[in-house]
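Since the structure comes first, as structure tokens, the remarks are kept for the end.
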Amino acid sequence: MIEFFEYMWATRAEVLRHTVEHIGLVGVSTILAVAVGVPLGVVITRRARLRGPVLGVANVFQTIPSLAMFGFLIPLPFIGGIGARSAIVALVVYALLPIVRNTYTGITEVDAAVRDAAVGMGMTDREILRLVELPLAFPVMIAGIRVATVIGVGIATIAAAIGAGGLGVFIFQGVSRVDHLTILAGAIPAALMALILDGGLHLVERRLDWRRKRT
């Protein structure tokens, strides 16, 4: 253990740089996934016929191994290539399923009596969505974002294989050298990052959970 801390201190500048890269990959991809996934989740609550195809495609993306996904993206124009761009696209794809599914679930679980009351007050469908359904569904949506973020932290370690940086650089270097200290220098900070982000979003989810407050 002492040897590990000595190694981390000796390489602290490199660890910090790759940690920042990792946070950047996860942060940008999660924001983009929310920007795409939440509207998709809303759309399939209004267009039932799209629910199966949208969730089906998102499920299929989840079954593709991450290295294979990166490999598929590299030759693609505009969104592919070596580096962070392909990694972010792949991370967005993997994050879509929990965000879309939880957005859909959160909105559809809103009590029908609440919707009826909003309609009785003369609200339009857009106003019901913005003022009633989304606020009530927000805790469930945060749970989906939480899952997507933790998935992103793990998959982002593989992004080092296509030159996207991040803490996976240490893991790949350690495997190639058969050096457990170098592997741990990437694995432990990545695990801590996942735990911190998961815990922070869990606190947000609990704070916004209207069902917990009501009970």
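Convention: chains lettered A, B, ... in structure tokens order; per-chain residue numbering from 1; ligands numbered from 1 as shown.
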
Residues of region 49-143 of chain A at most 9 Å from region 153-175 of chain A: nearest atom pair and distance in Å, only C-alpha atoms, as CSV:
residue,atom,partner,partner_atom,distance
A:Ser66,CA,A:Ile155,CA,6.9
A:Leu67,CA,A:Ile158,CA,7.0
A:Phe70,CA,A:Ile162,CA,7.3
A:Gly71,CA,A:Ile162,CA,8.4
A:Ile74,CA,A:Ile162,CA,8.2
A:Gly81,CA,A:Ile162,CA,8.4
A:Ile82,CA,A:Ile162,CA,5.4
A:Gly83,CA,A:Ala164,CA,4.2
A:Ala84,CA,A:Ala164,CA,4.3
A:Arg85,CA,A:Ala164,CA,7.8
A:Ser86,CA,A:Ala164,CA,8.1
A:Ala87,CA,A:Ala159,CA,5.6
A:Ile88,CA,A:Ala156,CA,8.5
A:Ala90,CA,A:Ile155,CA,8.9
A:Leu91,CA,A:Ile155,CA,7.1
A:Tyr94,CA,A:Ile155,CA,8.7

Quiz item: So which residues touch region 31-33 of chain A within 9 Å, counting only C-alpha atoms, skipping near sequence neighbours fewer than 5 positions away, as number ranges by chain?
Solution: A: 26, 38, 88, 91-96, 99, 145, 148

Emit the selected residues as a PDB file, in the first residue's frame, including N, CA, C and O atoms.
ATOM      1  N   VAL A  26     -16.514  12.138 -19.534  1.00  0.00           N
ATOM      2  CA  VAL A  26     -17.780  11.737 -18.899  1.00  0.00           C
ATOM      3  C   VAL A  26     -18.748  12.916 -18.839  1.00  0.00           C
ATOM      4  O   VAL A  26     -19.943  12.770 -19.131  1.00  0.00           O
ATOM      5  N   VAL A  38     -33.530  12.917 -22.972  1.00  0.00           N
ATOM      6  CA  VAL A  38     -34.743  13.430 -22.328  1.00  0.00           C
ATOM      7  C   VAL A  38     -35.820  13.776 -23.379  1.00  0.00           C
ATOM      8  O   VAL A  38     -36.975  13.349 -23.229  1.00  0.00           O
ATOM      9  N   ILE A  88     -16.511  10.269 -27.100  1.00  0.00           N
ATOM     10  CA  ILE A  88     -17.712  10.962 -26.611  1.00  0.00           C
ATOM     11  C   ILE A  88     -18.957  10.432 -27.304  1.00  0.00           C
ATOM     12  O   ILE A  88     -19.992  10.206 -26.660  1.00  0.00           O
ATOM     13  N   LEU A  91     -19.782   7.091 -25.750  1.00  0.00           N
ATOM     14  CA  LEU A  91     -20.313   7.256 -24.393  1.00  0.00           C
ATOM     15  C   LEU A  91     -21.746   7.781 -24.416  1.00  0.00           C
ATOM     16  O   LEU A  91     -22.574   7.373 -23.589  1.00  0.00           O
ATOM     17  N   VAL A  92     -22.051   8.660 -25.346  1.00  0.00           N
ATOM     18  CA  VAL A  92     -23.431   9.155 -25.492  1.00  0.00           C
ATOM     19  C   VAL A  92     -24.360   8.000 -25.848  1.00  0.00           C
ATOM     20  O   VAL A  92     -25.450   7.852 -25.278  1.00  0.00           O
ATOM     21  N   VAL A  93     -23.933   7.167 -26.780  1.00  0.00           N
ATOM     22  CA  VAL A  93     -24.751   6.029 -27.208  1.00  0.00           C
ATOM     23  C   VAL A  93     -25.048   5.094 -26.030  1.00  0.00           C
ATOM     24  O   VAL A  93     -26.188   4.645 -25.840  1.00  0.00           O
ATOM     25  N   TYR A  94     -24.026   4.811 -25.218  1.00  0.00           N
ATOM     26  CA  TYR A  94     -24.221   3.911 -24.081  1.00  0.00           C
ATOM     27  C   TYR A  94     -25.084   4.549 -22.978  1.00  0.00           C
ATOM     28  O   TYR A  94     -25.735   3.839 -22.219  1.00  0.00           O
ATOM     29  N   ALA A  95     -25.070   5.861 -22.893  1.00  0.00           N
ATOM     30  CA  ALA A  95     -25.824   6.541 -21.837  1.00  0.00           C
ATOM     31  C   ALA A  95     -27.294   6.723 -22.182  1.00  0.00           C
ATOM     32  O   ALA A  95     -28.107   7.014 -21.296  1.00  0.00           O
ATOM     33  N   LEU A  96     -27.668   6.536 -23.437  1.00  0.00           N
ATOM     34  CA  LEU A  96     -29.033   6.863 -23.858  1.00  0.00           C
ATOM     35  C   LEU A  96     -30.094   5.976 -23.212  1.00  0.00           C
ATOM     36  O   LEU A  96     -31.144   6.474 -22.797  1.00  0.00           O
ATOM     37  N   ILE A  99     -31.304   6.907 -19.636  1.00  0.00           N
ATOM     38  CA  ILE A  99     -31.903   8.241 -19.610  1.00  0.00           C
ATOM     39  C   ILE A  99     -33.260   8.235 -20.304  1.00  0.00           C
ATOM     40  O   ILE A  99     -34.250   8.764 -19.776  1.00  0.00           O
ATOM     41  N   ILE A 145     -29.951   9.308 -15.082  1.00  0.00           N
ATOM     42  CA  ILE A 145     -28.706  10.039 -15.341  1.00  0.00           C
ATOM     43  C   ILE A 145     -27.588   9.503 -14.456  1.00  0.00           C
ATOM     44  O   ILE A 145     -26.429   9.400 -14.885  1.00  0.00           O
ATOM     45  N   ALA A 148     -26.372   6.308 -16.013  1.00  0.00           N
ATOM     46  CA  ALA A 148     -25.619   6.630 -17.225  1.00  0.00           C
ATOM     47  C   ALA A 148     -24.234   7.186 -16.898  1.00  0.00           C
ATOM     48  O   ALA A 148     -23.245   6.871 -17.576  1.00  0.00           O
TER      49      ALA A 148
END

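With only C-alpha atoms as the atoms that count, the minimum distance from Val140 (chain A) to the choices A:Glu6, A:Glu109, A:Asp198, A:Asp179 is reached by A:Glu109.
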
Self-check item: Which of A:Gly199, A:Gly106, A:Gly186, A:Gly56 sits closest to Leu16 (chain A) [using only C-alpha atoms]
Solution: A:Gly186

Exercise. Name all residues at most 9 Å from Gly27 (chain A) (count only C-alpha atoms; drop same-chain ones fewer than 5 positions away) and give them as a ChimeraX atom specification.
Key: /A:22,32,149,152

Quiz prompt | Selection: 10 Å around Val54 (chain A), only C-alpha atoms, excl. self and same-chain fewer than 2 positions, as a list of chain:residue names | solution = A:Leu40, A:Gly41, A:Val43, A:Ile44, A:Arg49, A:Leu50, A:Arg51, A:Gly52, A:Gly56, A:Val57, A:Ala58, A:Asn59, A:Leu97, A:Val100, A:Arg101

Only all heavy atoms, please: the residues just picked out, written as an mmCIF file, in the first residue's frame.
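And here is the file that came out, again_33.cif:
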data_model
loop_
_atom_site.group_PDB
_atom_site.id
_atom_site.type_symbol
_atom_site.label_atom_id
_atom_site.label_comp_id
_atom_site.auth_asym_id
_atom_site.auth_seq_id
_atom_site.Cartn_x
_atom_site.Cartn_y
_atom_site.Cartn_z
ATOM 1 N N LEU A 40 -36.161 12.457 -26.301
ATOM 2 C CA LEU A 40 -36.619 11.179 -26.842
ATOM 3 C C LEU A 40 -37.596 10.498 -25.873
ATOM 4 O O LEU A 40 -38.615 9.945 -26.289
ATOM 5 C CB LEU A 40 -35.428 10.250 -27.096
ATOM 6 C CG LEU A 40 -34.733 10.362 -28.450
ATOM 7 C CD1 LEU A 40 -33.537 9.418 -28.506
ATOM 8 C CD2 LEU A 40 -35.690 10.075 -29.585
ATOM 9 N N GLY A 41 -37.253 10.548 -24.587
ATOM 10 C CA GLY A 41 -38.144 9.975 -23.585
ATOM 11 C C GLY A 41 -39.496 10.658 -23.563
ATOM 12 O O GLY A 41 -40.537 9.997 -23.395
ATOM 13 N N VAL A 43 -40.866 12.250 -26.156
ATOM 14 C CA VAL A 43 -41.556 11.941 -27.417
ATOM 15 C C VAL A 43 -42.269 10.596 -27.335
ATOM 16 O O VAL A 43 -43.422 10.472 -27.778
ATOM 17 C CB VAL A 43 -40.554 11.951 -28.596
ATOM 18 C CG1 VAL A 43 -41.174 11.317 -29.836
ATOM 19 C CG2 VAL A 43 -40.128 13.378 -28.905
ATOM 20 N N ILE A 44 -41.619 9.582 -26.755
ATOM 21 C CA ILE A 44 -42.259 8.260 -26.744
ATOM 22 C C ILE A 44 -43.403 8.171 -25.731
ATOM 23 O O ILE A 44 -44.171 7.218 -25.759
ATOM 24 C CB ILE A 44 -41.233 7.129 -26.508
ATOM 25 C CG1 ILE A 44 -40.555 7.264 -25.149
ATOM 26 C CG2 ILE A 44 -40.230 7.087 -27.631
ATOM 27 C CD1 ILE A 44 -39.589 6.124 -24.848
ATOM 28 N N ARG A 49 -46.339 4.488 -30.597
ATOM 29 C CA ARG A 49 -45.813 3.597 -31.629
ATOM 30 C C ARG A 49 -44.291 3.698 -31.752
ATOM 31 O O ARG A 49 -43.648 2.792 -32.318
ATOM 32 C CB ARG A 49 -46.468 3.901 -32.974
ATOM 33 C CG ARG A 49 -46.120 5.245 -33.565
ATOM 34 C CD ARG A 49 -46.826 5.469 -34.895
ATOM 35 N NE ARG A 49 -46.458 6.739 -35.515
ATOM 36 C CZ ARG A 49 -46.996 7.900 -35.223
ATOM 37 N NH1 ARG A 49 -47.958 7.960 -34.286
ATOM 38 N NH2 ARG A 49 -46.617 9.003 -35.837
ATOM 39 N N LEU A 50 -43.712 4.789 -31.262
ATOM 40 C CA LEU A 50 -42.255 4.952 -31.335
ATOM 41 C C LEU A 50 -41.536 4.324 -30.143
ATOM 42 O O LEU A 50 -40.312 4.187 -30.171
ATOM 43 C CB LEU A 50 -41.902 6.445 -31.394
ATOM 44 C CG LEU A 50 -42.386 7.216 -32.619
ATOM 45 C CD1 LEU A 50 -42.002 8.679 -32.486
ATOM 46 C CD2 LEU A 50 -41.785 6.623 -33.892
ATOM 47 N N ARG A 51 -42.288 3.960 -29.106
ATOM 48 C CA ARG A 51 -41.657 3.463 -27.886
ATOM 49 C C ARG A 51 -40.822 2.210 -28.142
ATOM 50 O O ARG A 51 -39.660 2.120 -27.737
ATOM 51 C CB ARG A 51 -42.718 3.168 -26.831
ATOM 52 C CG ARG A 51 -42.143 2.668 -25.509
ATOM 53 C CD ARG A 51 -43.238 2.345 -24.531
ATOM 54 N NE ARG A 51 -44.117 1.292 -25.053
ATOM 55 C CZ ARG A 51 -45.246 0.915 -24.468
ATOM 56 N NH1 ARG A 51 -45.673 1.512 -23.377
ATOM 57 N NH2 ARG A 51 -45.970 -0.055 -25.000
ATOM 58 N N GLY A 52 -41.412 1.227 -28.831
ATOM 59 C CA GLY A 52 -40.710 -0.024 -29.106
ATOM 60 C C GLY A 52 -39.440 0.188 -29.907
ATOM 61 O O GLY A 52 -38.363 -0.281 -29.500
ATOM 62 N N GLY A 56 -35.845 -0.227 -28.310
ATOM 63 C CA GLY A 56 -35.185 -1.380 -28.912
ATOM 64 C C GLY A 56 -33.806 -1.034 -29.445
ATOM 65 O O GLY A 56 -32.835 -1.770 -29.212
ATOM 66 N N VAL A 57 -33.710 0.083 -30.150
ATOM 67 C CA VAL A 57 -32.409 0.511 -30.684
ATOM 68 C C VAL A 57 -31.440 0.826 -29.545
ATOM 69 O O VAL A 57 -30.269 0.448 -29.580
ATOM 70 C CB VAL A 57 -32.589 1.740 -31.603
ATOM 71 C CG1 VAL A 57 -31.230 2.341 -31.955
ATOM 72 C CG2 VAL A 57 -33.328 1.343 -32.868
ATOM 73 N N ALA A 58 -31.935 1.517 -28.515
ATOM 74 C CA ALA A 58 -31.078 1.830 -27.366
ATOM 75 C C ALA A 58 -30.604 0.558 -26.672
ATOM 76 O O ALA A 58 -29.447 0.475 -26.229
ATOM 77 C CB ALA A 58 -31.838 2.721 -26.380
ATOM 78 N N ASN A 59 -31.460 -0.444 -26.589
ATOM 79 C CA ASN A 59 -31.074 -1.734 -26.009
ATOM 80 C C ASN A 59 -30.011 -2.427 -26.849
ATOM 81 O O ASN A 59 -29.067 -3.018 -26.306
ATOM 82 C CB ASN A 59 -32.292 -2.654 -25.878
ATOM 83 C CG ASN A 59 -32.987 -2.503 -24.536
ATOM 84 O OD1 ASN A 59 -32.380 -2.691 -23.491
ATOM 85 N ND2 ASN A 59 -34.254 -2.148 -24.565
ATOM 86 N N LEU A 97 -29.852 4.671 -23.126
ATOM 87 C CA LEU A 97 -30.899 3.767 -22.650
ATOM 88 C C LEU A 97 -31.414 4.132 -21.257
ATOM 89 O O LEU A 97 -32.631 4.303 -21.091
ATOM 90 C CB LEU A 97 -30.416 2.315 -22.677
ATOM 91 C CG LEU A 97 -31.435 1.292 -22.155
ATOM 92 C CD1 LEU A 97 -32.713 1.323 -22.982
ATOM 93 C CD2 LEU A 97 -30.830 -0.112 -22.149
ATOM 94 N N VAL A 100 -33.333 7.640 -21.487
ATOM 95 C CA VAL A 100 -34.612 7.569 -22.217
ATOM 96 C C VAL A 100 -35.635 6.763 -21.421
ATOM 97 O O VAL A 100 -36.787 7.183 -21.247
ATOM 98 C CB VAL A 100 -34.402 6.940 -23.614
ATOM 99 C CG1 VAL A 100 -35.755 6.709 -24.301
ATOM 100 C CG2 VAL A 100 -33.531 7.833 -24.480
ATOM 101 N N ARG A 101 -35.208 5.602 -20.933
ATOM 102 C CA ARG A 101 -36.140 4.720 -20.225
ATOM 103 C C ARG A 101 -36.664 5.364 -18.943
ATOM 104 O O ARG A 101 -37.865 5.286 -18.648
ATOM 105 C CB ARG A 101 -35.438 3.397 -19.902
ATOM 106 C CG ARG A 101 -36.343 2.350 -19.258
ATOM 107 C CD ARG A 101 -35.613 1.033 -19.134
ATOM 108 N NE ARG A 101 -34.365 1.213 -18.386
ATOM 109 C CZ ARG A 101 -33.358 0.331 -18.425
ATOM 110 N NH1 ARG A 101 -33.446 -0.747 -19.178
ATOM 111 N NH2 ARG A 101 -32.272 0.548 -17.696
#
